[in-house]
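Engineer: Below is the file input_23.txt, with compact mmCIF, C-alpha atoms and all ligand atoms.
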```
# COMPACT_ATOMS: atom_id res chain seq x y z
CA MET I 1 -1.17 -26.27 3.03
CA THR I 2 -2.26 -22.94 4.53
CA GLU I 3 -5.22 -21.23 2.90
CA PRO I 4 -4.24 -17.98 1.17
CA PHE I 5 -5.27 -14.80 3.00
CA ILE I 6 -5.72 -13.00 -0.31
CA ARG I 7 -6.92 -14.61 -3.54
CA ILE I 8 -6.96 -12.64 -6.76
CA SER I 9 -8.03 -14.09 -10.07
CA ASP I 10 -8.20 -12.44 -13.47
CA LEU I 11 -8.45 -9.05 -11.80
CA ARG I 12 -8.97 -6.17 -14.22
CA LYS I 13 -9.34 -2.45 -13.80
CA THR I 14 -9.96 -0.29 -16.82
CA TYR I 15 -10.15 3.48 -16.61
CA LYS I 16 -12.07 5.23 -19.35
CA MET I 17 -10.52 8.53 -20.35
CA GLY I 18 -12.85 9.86 -23.01
CA ARG I 19 -12.44 7.48 -25.96
CA VAL I 20 -9.37 5.91 -24.42
CA ALA I 21 -9.43 2.81 -22.20
CA VAL I 22 -6.43 2.48 -19.90
CA HIS I 23 -5.97 -1.08 -18.70
CA ALA I 24 -4.39 -0.33 -15.32
CA LEU I 25 -4.75 -4.02 -14.38
CA ALA I 26 -5.03 -6.38 -17.31
CA GLY I 27 -5.70 -9.77 -15.69
CA VAL I 28 -3.86 -10.30 -12.42
CA ASP I 29 -3.75 -13.70 -10.68
CA LEU I 30 -2.18 -13.78 -7.24
CA GLU I 31 -2.40 -15.61 -3.93
CA ILE I 32 -0.94 -14.10 -0.77
CA PRO I 33 -0.53 -16.32 2.30
CA PRO I 34 -1.43 -15.10 5.79
CA ASN I 35 1.38 -13.48 7.79
CA SER I 36 3.43 -12.79 4.67
CA PHE I 37 5.27 -9.63 3.63
CA THR I 38 4.73 -8.95 -0.05
CA VAL I 39 6.54 -6.25 -1.96
CA ILE I 40 4.96 -5.02 -5.21
CA MET I 41 7.44 -3.49 -7.60
CA GLY I 42 6.96 -2.00 -11.03
CA PRO I 43 7.68 1.07 -13.13
CA SER I 44 5.52 4.13 -12.78
CA GLY I 45 2.10 3.49 -14.34
CA SER I 46 2.34 -0.32 -14.13
CA GLY I 47 -0.75 -0.60 -11.90
CA LYS I 48 0.77 -0.90 -8.41
CA SER I 49 -1.41 1.70 -6.67
CA THR I 50 -4.49 0.46 -8.49
CA LEU I 51 -3.85 -3.06 -7.16
CA LEU I 52 -3.28 -1.75 -3.64
CA HIS I 53 -6.46 0.36 -3.74
CA LEU I 54 -8.53 -2.61 -4.91
CA LEU I 55 -7.02 -4.81 -2.18
CA GLY I 56 -8.00 -2.25 0.44
CA GLY I 57 -11.54 -1.83 -0.88
CA LEU I 58 -10.88 1.82 -1.78
CA ASP I 59 -11.99 1.17 -5.34
CA ARG I 60 -13.80 -1.59 -7.21
CA PRO I 61 -12.45 -3.79 -9.99
CA THR I 62 -13.90 -3.73 -13.51
CA SER I 63 -13.98 -7.54 -13.39
CA GLY I 64 -12.37 -10.51 -11.69
CA HIS I 65 -12.33 -11.98 -8.23
CA LEU I 66 -10.73 -10.46 -5.15
CA GLU I 67 -10.98 -12.18 -1.80
CA VAL I 68 -9.43 -10.96 1.46
CA GLY I 69 -9.70 -13.00 4.67
CA GLY I 70 -12.49 -15.10 3.15
CA GLN I 71 -14.56 -12.09 2.00
CA ALA I 72 -15.20 -11.63 -1.72
CA LEU I 73 -14.89 -7.85 -2.02
CA GLU I 74 -16.86 -7.67 -5.29
CA SER I 75 -19.92 -9.00 -3.46
CA LEU I 76 -19.84 -6.38 -0.67
CA ASP I 77 -22.12 -3.34 -0.84
CA GLU I 78 -20.75 0.12 0.05
CA ASN I 79 -21.54 -0.25 3.78
CA ALA I 80 -19.98 -3.69 4.04
CA LEU I 81 -16.95 -2.43 2.13
CA ALA I 82 -16.58 0.46 4.59
CA VAL I 83 -16.72 -2.00 7.50
CA PHE I 84 -14.10 -4.16 5.74
CA ARG I 85 -11.79 -1.14 5.36
CA ARG I 86 -12.22 -0.10 8.98
CA ARG I 87 -11.84 -3.54 10.57
CA THR I 88 -9.43 -5.38 8.33
CA VAL I 89 -7.14 -2.84 6.67
CA GLY I 90 -4.59 -0.30 7.88
CA PHE I 91 -3.41 2.10 5.15
CA ILE I 92 -0.03 3.84 5.07
CA PHE I 93 0.67 6.45 2.40
CA GLN I 94 3.79 8.11 1.03
CA SER I 95 2.64 11.54 2.13
CA PHE I 96 1.68 10.54 5.73
CA ASN I 97 -1.72 12.32 5.47
CA LEU I 98 -1.63 13.65 9.04
CA ILE I 99 -3.87 16.47 10.25
CA GLN I 100 -1.51 19.42 10.67
CA THR I 101 -3.44 21.13 13.49
CA MET I 102 -3.43 18.02 15.69
CA SER I 103 -0.68 16.56 17.87
CA ALA I 104 0.74 13.09 17.25
CA MET I 105 -1.53 11.69 19.95
CA GLU I 106 -4.64 13.45 18.58
CA ASN I 107 -3.91 12.24 15.05
CA ILE I 108 -3.83 8.66 16.31
CA ALA I 109 -6.93 9.06 18.50
CA PHE I 110 -8.95 10.80 15.76
CA PRO I 111 -10.25 7.70 13.87
CA MET I 112 -11.41 6.23 17.19
CA ARG I 113 -13.94 9.05 17.58
CA PHE I 114 -15.93 7.59 14.70
CA ALA I 115 -15.94 4.20 16.37
CA ARG I 116 -17.51 5.88 19.46
CA ILE I 117 -14.66 4.80 21.71
CA PRO I 118 -14.72 6.75 25.02
CA ARG I 119 -12.15 9.51 25.46
CA ALA I 120 -10.19 7.74 28.24
CA SER I 121 -9.84 4.56 26.15
CA ARG I 122 -8.80 6.62 23.11
CA ARG I 123 -5.96 8.13 25.15
CA LEU I 124 -4.86 4.80 26.51
CA ARG I 125 -4.84 3.19 23.07
CA SER I 126 -3.02 6.16 21.48
CA ASN I 127 -0.35 5.96 24.18
CA GLU I 128 0.09 2.25 23.58
CA LEU I 129 0.47 2.81 19.85
CA LEU I 130 2.89 5.72 20.30
CA GLU I 131 5.01 3.44 22.43
CA LYS I 132 4.84 0.72 19.80
CA VAL I 133 6.33 3.05 17.17
CA GLY I 134 8.86 4.51 19.63
CA LEU I 135 7.37 8.02 19.85
CA THR I 136 6.17 8.30 23.46
CA ASP I 137 8.28 11.45 23.92
CA ARG I 138 6.66 13.16 20.91
CA ALA I 139 3.00 12.70 21.91
CA THR I 140 2.20 16.43 22.01
CA HIS I 141 4.20 17.43 18.93
CA ARG I 142 2.41 18.54 15.79
CA PRO I 143 3.44 17.12 12.39
CA THR I 144 5.49 20.27 11.56
CA GLU I 145 7.51 19.62 14.73
CA LEU I 146 8.35 16.07 13.69
CA SER I 147 10.82 14.67 11.16
CA GLY I 148 9.49 12.85 8.09
CA GLY I 149 10.34 9.48 9.63
CA GLN I 150 8.55 10.42 12.86
CA GLN I 151 5.50 11.60 10.92
CA GLN I 152 5.38 8.29 9.08
CA ARG I 153 5.57 6.45 12.41
CA VAL I 154 2.58 8.46 13.67
CA ALA I 155 0.74 7.53 10.47
CA ILE I 156 1.59 3.87 11.06
CA ALA I 157 0.34 4.09 14.66
CA ARG I 158 -2.91 5.60 13.34
CA ALA I 159 -3.23 2.75 10.83
CA LEU I 160 -3.02 0.27 13.71
CA VAL I 161 -5.87 1.74 15.75
CA ASN I 162 -8.36 -1.01 14.88
CA ASP I 163 -5.72 -3.74 15.02
CA PRO I 164 -6.02 -4.59 11.30
CA GLN I 165 -4.92 -7.98 9.96
CA LEU I 166 -3.78 -6.43 6.69
CA ILE I 167 -1.40 -3.48 6.34
CA LEU I 168 -1.26 -1.83 2.91
CA ALA I 169 1.51 0.69 2.32
CA ASP I 170 1.96 2.80 -0.82
CA GLU I 171 5.60 3.99 -1.10
CA PRO I 172 5.93 4.37 2.70
CA THR I 173 9.61 5.37 2.45
CA GLY I 174 9.23 7.44 -0.73
CA ASN I 175 9.47 10.81 1.05
CA LEU I 176 12.17 9.79 3.53
CA ASP I 177 15.95 9.88 3.69
CA THR I 178 17.82 6.57 3.75
CA SER I 179 18.05 6.14 7.52
CA SER I 180 14.46 7.24 8.28
CA GLY I 181 13.38 4.85 5.53
CA ALA I 182 15.30 2.06 7.26
CA SER I 183 13.54 2.77 10.57
CA ILE I 184 10.12 2.58 8.85
CA MET I 185 11.13 -0.75 7.33
CA GLN I 186 12.01 -1.94 10.83
CA VAL I 187 8.53 -0.97 12.07
CA LEU I 188 6.95 -2.84 9.14
CA ALA I 189 9.16 -5.88 9.83
CA ASP I 190 8.01 -5.82 13.49
CA LEU I 191 4.36 -5.67 12.39
CA HIS I 192 4.97 -8.66 10.15
CA ARG I 193 6.60 -10.55 13.02
CA SER I 194 3.58 -9.84 15.19
CA GLY I 195 1.42 -11.80 12.75
CA ARG I 196 0.04 -9.27 10.30
CA THR I 197 -0.04 -9.58 6.54
CA ILE I 198 1.85 -6.75 4.87
CA VAL I 199 1.64 -5.59 1.25
CA VAL I 200 3.95 -2.75 0.27
CA VAL I 201 4.24 -0.91 -3.04
CA THR I 202 7.77 0.42 -3.26
CA HIS I 203 10.72 1.37 -5.42
CA ASP I 204 12.97 0.80 -2.44
CA ILE I 205 14.94 -2.32 -3.29
CA ARG I 206 15.95 -2.72 0.40
CA MET I 207 12.36 -3.66 1.18
CA THR I 208 12.77 -6.93 -0.75
CA GLN I 209 15.32 -8.02 1.88
CA ILE I 210 12.65 -8.13 4.60
CA ALA I 211 9.89 -9.34 2.29
CA THR I 212 8.76 -12.95 2.03
CA ASP I 213 7.47 -12.46 -1.53
CA THR I 214 8.08 -10.03 -4.38
CA VAL I 215 5.51 -9.35 -7.10
CA ARG I 216 6.61 -7.56 -10.29
CA LEU I 217 4.11 -5.67 -12.40
CA LEU I 218 4.51 -4.51 -15.98
CA ASP I 219 1.64 -2.88 -17.85
CA GLY I 220 -0.99 -4.21 -15.47
CA ARG I 221 0.27 -7.81 -15.47
CA ILE I 222 2.43 -9.87 -13.15
CA VAL I 223 5.66 -10.96 -14.81
CA ASP I 224 8.56 -13.18 -13.75
CA GLU I 225 11.86 -11.74 -12.55
CA ALA I 226 13.75 -12.31 -15.81
CA THR I 227 11.08 -10.57 -17.92
CA TYR I 228 10.97 -7.72 -15.43
CA ARG I 229 14.75 -7.26 -15.42
CA GLU I 230 14.90 -7.27 -19.19
CA ALA I 231 12.09 -4.73 -19.51
CA THR I 232 13.39 -2.35 -16.85
CA ALA I 233 17.14 -2.52 -17.50
CA PHE I 234 19.00 0.12 -19.45
CA ALA I 235 22.64 0.31 -20.41
CA VAL I 236 24.93 2.62 -18.42
CA GLY I 237 28.61 2.57 -19.39
CA GLY I 238 28.45 -1.04 -20.49
CA SER I 239 26.54 -2.29 -17.42
CA THR I 240 22.83 -2.62 -16.89
CA GLN I 241 20.81 -1.11 -14.08
CA ASP I 242 17.21 -1.19 -13.04
CA ALA I 243 15.34 1.82 -14.25
CA ASP I 244 12.06 3.36 -13.22
CA ALA I 245 10.96 4.10 -16.72
CA ALA I 246 7.51 3.12 -17.86
CA PRO I 247 8.01 0.78 -20.82
CA GLY I 248 4.89 2.01 -22.58
CA GLN I 249 1.29 2.04 -21.47
CA SER I 250 -1.29 -0.60 -22.14
CA ALA I 251 -3.95 1.51 -23.80
CA ASP I 252 -6.37 0.83 -26.63
CA VAL I 253 -5.47 4.09 -28.33
CA ALA I 254 -1.75 4.73 -28.27
CA SER I 255 -1.89 8.46 -28.94
CA ALA I 256 -4.10 9.36 -26.03
CA PRO I 257 -4.63 13.08 -25.49
CA SER I 258 -3.20 13.94 -22.06
P1 LIG I 301 1.53 2.93 -10.48
O1 LIG I 301 1.05 2.95 -9.07
O2 LIG I 301 2.28 1.67 -10.84
O3 LIG I 301 2.32 4.14 -10.85
P2 LIG I 301 -1.26 3.30 -11.17
O4 LIG I 301 -1.96 2.12 -10.61
O5 LIG I 301 -1.32 4.58 -10.40
O6 LIG I 301 0.28 2.90 -11.45
O7 LIG I 301 -1.79 3.59 -12.63
C1 LIG I 301 -1.87 2.59 -13.65
C2 LIG I 301 -2.42 3.23 -14.92
O8 LIG I 301 -3.76 3.61 -14.71
C3 LIG I 301 -1.68 4.49 -15.34
O9 LIG I 301 -1.64 4.51 -16.74
C4 LIG I 301 -2.53 5.59 -14.80
O10 LIG I 301 -2.39 6.74 -15.59
C5 LIG I 301 -3.91 5.01 -14.91
N1 LIG I 301 -4.81 5.52 -13.87
C6 LIG I 301 -4.66 5.35 -12.53
N2 LIG I 301 -5.68 5.93 -11.86
C7 LIG I 301 -6.49 6.47 -12.80
C8 LIG I 301 -7.73 7.20 -12.76
N3 LIG I 301 -8.34 7.47 -11.59
N4 LIG I 301 -8.27 7.60 -13.93
C9 LIG I 301 -7.69 7.30 -15.09
N5 LIG I 301 -6.53 6.62 -15.21
C10 LIG I 301 -5.94 6.20 -14.09
```
Any chance you could put this one into structure tokens?

Structural biologist:
Amino acid sequence: MTEPFIRISDLRKTYKMGRVAVHALAGVDLEIPPNSFTVIMGPSGSGKSTLLHLLGGLDRPTSGHLEVGGQALESLDENALAVFRRRTVGFIFQSFNLIQTMSAMENIAFPMRFARIPRASRRLRSNELLEKVGLTDRATHRPTELSGGQQQRVAIARALVNDPQLILADEPTGNLDTSSGASIMQVLADLHRSGRTIVVVTHDIRMTQIATDTVRLLDGRIVDEATYREATAFAVGGSTQDADAAPGQSADVASAPS
């Protein structure tokens, strides 16, 4: 049997808000095989982004074990964690996070400056990546001159600069119309085919069609499909539909001041 690429056991993240403890992750156990495409679904506030941030080494767990590519993230110091983020992970966000004053090409080349890659190589690599996401003809365009879908493709190209094994995407189609969203899914499917491990947080049910695994979160815990359906369904004209309503927060003090 193949070794998992990601191993998570009894992972917990608790945020303290004054006297209130919010259990964003309340004991998550999960194994993700290499070269898989995992979709994480869950109502707002169920802990999806928290899980993704911990996986990418952007934040640290309160307790539990989290291993990516054989590295136990809880044992890494800040420098080692920064190296892990740079070498192993490519992040894609809902809001693209592009630098508005830079062209598509410059946005992609920018992270390479910090890796002290010479200018000529930066150009070459940016061109390669632009081609990979089908944007060669938009190299000199700034974000405001690109559609949402094109901006997200630039952001994906930028995430690929260091050839990461793991791609983490937080609602990558959340700001896009249906057809731009579909083209982003195609890019993610291609990345998966080329051997990367993909983990996507999404509300977009279409993503489950290209995924190899689906993880459902409720109140900071992984639940099975039946439990998830029951908790997120609501009655509309006699039928039931999935809803994106948070079925209550897992907090020590229910009446938390907001
Ligand atoms: P999701 O991505 O599923 O919407 P999150 O992981 O963002 O959920 O949040 C899970 C819970 O943790 C929510 O109740 C949220 O309010 C809380 N939370 C997330 N980040 C923080 C933070 N930095 N400080 C305090 N509470 C937080």

Engineer: Set the distance at 9 Å and use all atoms listed in the file: which residues neighbour Leu217 in chain I once local chain neighbours fewer than 5 positions away are removed? I'd like the list as a PyMOL selection string.

Structural biologist: chain I and resi 40-43+46-48+222-224+228

Engineer: Please compute the CA of Ser126 in chain I-CA of Thr197 in chain I distance, one decimal, in Å.

Structural biologist: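 Computing it gives 21.9 Å between the two atoms.
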
Engineer: With only C-alpha atoms as the counted atoms, please give the residues lying no more than 10 Å from range 55-67 of chain I, apart from itself and same-chain residues fewer than 4 positions off, as an MDAnalysis selection string.

Structural biologist: chainID I and resid 4:15 23 25:31 49:51 71:76 78 80:86 88:91 166:168 199

Engineer: Provide the CA of Val154 in chain I to CA of Leu98 in chain I distance in Å, to one decimal place.

Structural biologist: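 Between CA of Val154 in chain I and CA of Leu98 in chain I the gap is 8.1 Å.
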
Engineer: Using only C-alpha atoms, can you tell me which of I:Ile210, I:Gly220, I:Asp163, I:Gln151 comes closest to Leu176 in chain I?

Structural biologist: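 Looking at the shortest contact to Leu176 in chain I, the residue is I:Gln151.
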
Engineer: Starting from 5 Å padding per side, set up an axis-aligned box that covers all listed atoms of ligand LIG 301 (chain I) and hand over centre and edge lengths in Å, one decimal, as JSON.

Structural biologist:
```
{"center_x": -3.0, "center_y": 4.6, "center_z": -12.9, "size_x": 20.7, "size_y": 15.9, "size_z": 17.7}
```

Engineer: In Å, rounded to a single decimal, give me how far CA of Asp219 in chain I is from atom C8 of ligand LIG 301 (chain I).

Structural biologist: 14.7 Å

Engineer: Find, counting only C-alpha atoms, the residue in I:Ser95, I:Gln165, I:Ser183, I:Thr101 that gets nearest to Val68 in chain I.

Structural biologist: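 Selected residue with least distance to Val68 in chain I: I:Gln165.
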
Engineer: Env of Asp213 in chain I: 8 Å cut, atoms = only C-alpha atoms, seq-sep filter 6 positions within chain, self excluded. Answer as number ranges by chain.

Structural biologist: I: 36-39

Engineer: Output as a PDB file, keeping the file's coordinate frame: range 128-150 of chain I, completed with N, CA and C atoms.

Structural biologist:
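New file rebuild09.pdb:
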```
ATOM      1  N   GLU I 128      -0.451   3.588  23.894  1.00  0.00           N
ATOM      2  CA  GLU I 128       0.090   2.250  23.580  1.00  0.00           C
ATOM      3  C   GLU I 128       0.726   2.241  22.200  1.00  0.00           C
ATOM      4  N   LEU I 129      -0.003   2.839  21.235  1.00  0.00           N
ATOM      5  CA  LEU I 129       0.470   2.810  19.850  1.00  0.00           C
ATOM      6  C   LEU I 129       1.693   3.706  19.659  1.00  0.00           C
ATOM      7  N   LEU I 130       1.699   4.850  20.368  1.00  0.00           N
ATOM      8  CA  LEU I 130       2.890   5.720  20.300  1.00  0.00           C
ATOM      9  C   LEU I 130       4.112   4.978  20.814  1.00  0.00           C
ATOM     10  N   GLU I 131       3.905   4.205  21.867  1.00  0.00           N
ATOM     11  CA  GLU I 131       5.010   3.440  22.430  1.00  0.00           C
ATOM     12  C   GLU I 131       5.488   2.388  21.424  1.00  0.00           C
ATOM     13  N   LYS I 132       4.523   1.769  20.777  1.00  0.00           N
ATOM     14  CA  LYS I 132       4.840   0.720  19.800  1.00  0.00           C
ATOM     15  C   LYS I 132       5.742   1.239  18.675  1.00  0.00           C
ATOM     16  N   VAL I 133       5.504   2.495  18.256  1.00  0.00           N
ATOM     17  CA  VAL I 133       6.330   3.050  17.170  1.00  0.00           C
ATOM     18  C   VAL I 133       7.466   3.916  17.710  1.00  0.00           C
ATOM     19  N   GLY I 134       7.702   3.838  19.023  1.00  0.00           N
ATOM     20  CA  GLY I 134       8.860   4.510  19.630  1.00  0.00           C
ATOM     21  C   GLY I 134       8.758   6.022  19.667  1.00  0.00           C
ATOM     22  N   LEU I 135       7.540   6.559  19.882  1.00  0.00           N
ATOM     23  CA  LEU I 135       7.370   8.020  19.850  1.00  0.00           C
ATOM     24  C   LEU I 135       6.710   8.575  21.118  1.00  0.00           C
ATOM     25  N   THR I 136       6.815   7.859  22.222  1.00  0.00           N
ATOM     26  CA  THR I 136       6.170   8.300  23.460  1.00  0.00           C
ATOM     27  C   THR I 136       6.558   9.743  23.796  1.00  0.00           C
ATOM     28  N   ASP I 137       7.809  10.100  23.558  1.00  0.00           N
ATOM     29  CA  ASP I 137       8.280  11.450  23.920  1.00  0.00           C
ATOM     30  C   ASP I 137       7.863  12.524  22.913  1.00  0.00           C
ATOM     31  N   ARG I 138       7.104  12.168  21.894  1.00  0.00           N
ATOM     32  CA  ARG I 138       6.660  13.160  20.910  1.00  0.00           C
ATOM     33  C   ARG I 138       5.137  13.288  20.865  1.00  0.00           C
ATOM     34  N   ALA I 139       4.472  12.790  21.910  1.00  0.00           N
ATOM     35  CA  ALA I 139       3.000  12.700  21.910  1.00  0.00           C
ATOM     36  C   ALA I 139       2.329  14.043  21.612  1.00  0.00           C
ATOM     37  N   THR I 140       2.885  15.141  22.150  1.00  0.00           N
ATOM     38  CA  THR I 140       2.200  16.430  22.010  1.00  0.00           C
ATOM     39  C   THR I 140       2.727  17.248  20.839  1.00  0.00           C
ATOM     40  N   HIS I 141       3.657  16.696  20.078  1.00  0.00           N
ATOM     41  CA  HIS I 141       4.200  17.430  18.930  1.00  0.00           C
ATOM     42  C   HIS I 141       3.247  17.405  17.747  1.00  0.00           C
ATOM     43  N   ARG I 142       3.194  18.522  17.030  1.00  0.00           N
ATOM     44  CA  ARG I 142       2.410  18.540  15.790  1.00  0.00           C
ATOM     45  C   ARG I 142       3.283  18.040  14.642  1.00  0.00           C
ATOM     46  N   PRO I 143       2.653  17.651  13.511  1.00  0.00           N
ATOM     47  CA  PRO I 143       3.440  17.120  12.390  1.00  0.00           C
ATOM     48  C   PRO I 143       4.618  18.028  11.979  1.00  0.00           C
ATOM     49  N   THR I 144       4.404  19.372  11.987  1.00  0.00           N
ATOM     50  CA  THR I 144       5.490  20.270  11.560  1.00  0.00           C
ATOM     51  C   THR I 144       6.675  20.230  12.534  1.00  0.00           C
ATOM     52  N   GLU I 145       6.435  19.709  13.739  1.00  0.00           N
ATOM     53  CA  GLU I 145       7.510  19.620  14.730  1.00  0.00           C
ATOM     54  C   GLU I 145       8.156  18.230  14.752  1.00  0.00           C
ATOM     55  N   LEU I 146       7.813  17.436  13.755  1.00  0.00           N
ATOM     56  CA  LEU I 146       8.350  16.070  13.690  1.00  0.00           C
ATOM     57  C   LEU I 146       9.111  15.883  12.375  1.00  0.00           C
ATOM     58  N   SER I 147      10.107  14.998  12.406  1.00  0.00           N
ATOM     59  CA  SER I 147      10.820  14.670  11.160  1.00  0.00           C
ATOM     60  C   SER I 147       9.897  13.828  10.277  1.00  0.00           C
ATOM     61  N   GLY I 148      10.293  13.676   9.014  1.00  0.00           N
ATOM     62  CA  GLY I 148       9.490  12.850   8.090  1.00  0.00           C
ATOM     63  C   GLY I 148       9.314  11.437   8.618  1.00  0.00           C
ATOM     64  N   GLY I 149      10.406  10.859   9.126  1.00  0.00           N
ATOM     65  CA  GLY I 149      10.340   9.480   9.630  1.00  0.00           C
ATOM     66  C   GLY I 149       9.401   9.379  10.822  1.00  0.00           C
ATOM     67  N   GLN I 150       9.449  10.425  11.694  1.00  0.00           N
ATOM     68  CA  GLN I 150       8.550  10.420  12.860  1.00  0.00           C
ATOM     69  C   GLN I 150       7.097  10.571  12.421  1.00  0.00           C
TER      70      GLN I 150
END
```
